[in-house]
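First the structure, in the form of structure tokens, and then the observations on it.
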Protein chains: 2
Amino acid sequence: MRERKRNETRERIVRAGVELFASKGYDETTVADIAAAADIGTRTFFGYFAGKDALLFGAGSSRTELAVRIIGEAAPDEQPARVLLRALDEASTDSDEDLVNERAVLRLRLVGSVPAVRARGALAQLEGVKAIGDALLTRFPALDAAQASGLAGAFVGASAAAVQTVLLDATAGTPAERAARIHSAVAAGLGVVE
Amino acid sequence: MRERKRNETRERIVRAGVELFASKGYDETTVADIAAAADIGTRTFFGYFAGKDALLFGAGSSRTELAVRIIGEAAPDEQPARVLLRALDEASTDSDEDLVNERAVLRLRLVGSVPAVRARGALAQLEGVKAIGDALLTRFPALDAAQASGLAGAFVGASAAAVQTVLLDATAGTPAERAARIHSAVAAGLGVVE
DNA sequence: ATGCAAGTTCGCATTGAGTGCAATATAGCA
DNA sequence: TGCTATATTGCACTCAATGCGAACTTGCAT
């Protein structure tokens, strides 16, 4: 029960923060503002998040976790790049909510406009690369460490660029079309011939 | 002359900051400390750098600039991935000073231990990816945007991982061996067959 | 029910980053 | 020598973030 309450509060903070960032702007929103809107003390905020920016990335990269799991379950003789593309497809269909999420769009906009948020996003992305690279290395011991990092870097980099394009482009078509465009773009980036 | 003085002051700040970071630690060093050690007012510091962290990355990524230049000078019919590998070779031999630099080692250590510095490093890396991706796209218009980003991401990611290994791993072999290992690993990551 | 243990909330005080403003100093130049 | 542009700096201020300690809540065992 304690935990449920804590999750509720956490979600309330995120909602309040996103709302305020969207309406007032990031720099113009203070932690005290967010705390007040979420009905908690300013001090309490820092018990949930390390800072304003953490709030935007707090959900944890579920896409990265998904990719790591799929890599871990892959057949040993499968092409690593193909496994990554499968993970991408799962992420596109599975967490559609997340990809179309208004929160994700806001995050992307702030990443583009606020240096501090951009740095945080870059950090999250590199951590994703590291996690995926490690997973690849574990599952495919034949890979060199640098091969694994390179593959992971290409995959995450291409995906991020594609997602950004699709999410910020108003004329983006249906979710399925968007997923297909992302897939083919990343496949091309990884040099996979289909 | 004004400009010379400014450069001197800038260098003095960097030296003071690096010195203090190394001896006292990053978090324990305040901007006021650095300013005092560099014989300037605290307020003046911010006229030179946006913050403590900027000081560590201020030199600008000369390796990125090198890569961009080499891409810009490449023959239009050359394989993009091969051009990147050439840039990597140049960086490996050319800027050895920079790779052995004590400042670079400190930066790498702080990237590993201080979250704020890590975020900044991640940002720098992603900016490198973007710059190289754009350069690729400009020089090789046949490339898809996602291909260019993916290639750049794989290249920078693999290179960064390799450089980190080389700089922090004492038992890494001769410089030539290290360069060769980096080269082949990145080549494999980019899917280049040699 | 009572009381203990653990965890949560939150106010208060403090440090330090970063900014705006205005005064002063200094270099470059007519 | 003045005049102008730029650099430096102090001062005051806002806000992020942390430590501390007090009040409160929850879960559980007696």
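Residues in the structure tokens are numbered from 1 in each chain, the chains being A, B, ... in the order shown, and ligands are numbered from 1 in the order shown.
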
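Proximity to range 6-15 of chain D at 8 Å, evaluated using only C-alpha atoms (C1' of nucleotides) and with sequence-adjacent residues fewer than 2 positions away removed, yields Thr30 of chain A; Gly41, Arg43 and Thr44 of chain B; DA25 and DT26 of chain C.
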
Using only C-alpha atoms (C1' of nucleotides), tabulate the residues of chain A lying at most 12 Å from any atom of chain D, each with its closest atom pair and that distance in Å to one decimal, by chain and increasing residue number, as CSV.
```
residue,atom,partner,partner_atom,distance
A:Met1,CA,D:DT26,C1',8.9
A:Arg2,CA,D:DT26,C1',7.5
A:Glu3,CA,D:DT26,C1',11.1
A:Lys5,CA,D:DT26,C1',11.4
A:Asp27,CA,D:DC15,C1',10.4
A:Glu28,CA,D:DC15,C1',10.6
A:Thr29,CA,D:DC15,C1',10.3
A:Thr30,CA,D:DC15,C1',7.4
A:Val31,CA,D:DA16,C1',8.1
A:Ala32,CA,D:DC15,C1',9.3
A:Asp33,CA,D:DC15,C1',11.4
A:Thr42,CA,D:DA17,C1',10.9
A:Arg43,CA,D:DA17,C1',9.4
A:Thr44,CA,D:DA17,C1',11.9
A:Phe45,CA,D:DA17,C1',10.8
A:Phe46,CA,D:DA17,C1',8.2
A:Gly47,CA,D:DT18,C1',11.2
A:Phe49,CA,D:DA17,C1',11.3
A:Ala50,CA,D:DA17,C1',8.7
A:Gly51,CA,D:DA16,C1',8.0
A:Lys52,CA,D:DA16,C1',9.1
A:Asp53,CA,D:DA16,C1',11.4
```

Requested write-out: C-alpha atoms of the selected residues, as a PDB file, in the first residue's frame:
```
ATOM      1  CA  MET A   1       0.000   0.000   0.000  1.00  0.00           C
ATOM      2  CA  ARG A   2       2.878   2.268   0.832  1.00  0.00           C
ATOM      3  CA  GLU A   3       4.296   1.502  -2.555  1.00  0.00           C
ATOM      4  CA  LYS A   5       0.845   5.624  -2.734  1.00  0.00           C
ATOM      5  CA  ASP A  27      13.479  27.295 -17.565  1.00  0.00           C
ATOM      6  CA  GLU A  28      10.534  29.287 -16.306  1.00  0.00           C
ATOM      7  CA  THR A  29       9.282  26.364 -14.249  1.00  0.00           C
ATOM      8  CA  THR A  30      10.892  25.973 -10.843  1.00  0.00           C
ATOM      9  CA  VAL A  31      10.985  22.827  -8.791  1.00  0.00           C
ATOM     10  CA  ALA A  32       8.885  24.680  -6.227  1.00  0.00           C
ATOM     11  CA  ASP A  33       6.229  25.253  -8.898  1.00  0.00           C
ATOM     12  CA  THR A  42       9.565  21.234  -2.384  1.00  0.00           C
ATOM     13  CA  ARG A  43      11.883  19.152  -0.294  1.00  0.00           C
ATOM     14  CA  THR A  44       9.906  16.011  -1.024  1.00  0.00           C
ATOM     15  CA  PHE A  45      10.368  16.406  -4.758  1.00  0.00           C
ATOM     16  CA  PHE A  46      13.999  15.456  -4.427  1.00  0.00           C
ATOM     17  CA  GLY A  47      13.013  12.250  -2.726  1.00  0.00           C
ATOM     18  CA  PHE A  49      13.649  12.716  -8.628  1.00  0.00           C
ATOM     19  CA  ALA A  50      17.188  13.959  -8.666  1.00  0.00           C
ATOM     20  CA  GLY A  51      16.157  17.118 -10.456  1.00  0.00           C
ATOM     21  CA  LYS A  52      13.845  18.768 -12.952  1.00  0.00           C
ATOM     22  CA  ASP A  53      15.429  16.949 -15.840  1.00  0.00           C
TER      23      ASP A  53
END
```

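Between CA of Ile71 in chain B and CA of Val193 in chain A lies a distance of 25.0 Å.
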
Go through range 28-76 of chain A and collect every residue that DSSP, computed from the backbone, puts in alpha helix (DSSP H); the answer should be as a VMD selection string. chain A and resid 31 to 37 42 to 48 52 to 57 62 to 72

For a quick test of understanding: name the residues of chain A lying within 6 Å of chain B when counting only C-alpha atoms, and present them as a PyMOL selection string. chain A and resi 119-120+122-123+146-147+149-151+153-154+157-158+185+188-189

10 Å contacts from chain C to chain A using only C-alpha atoms (C1' of nucleotides), as a PyMOL selection string: chain C and resi 7-11

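What separates CA of Val14 in chain B from CA of Leu106 in chain B is a distance of 12.4 Å.
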
Skipping near chain neighbours, those fewer than 4 positions away, what residues fall within 10 Å of Ala22 in chain A using only C-alpha atoms (C1' of nucleotides), listed as a PyMOL selection string? chain A and resi 16-18+26+29+103+106-107+109-110
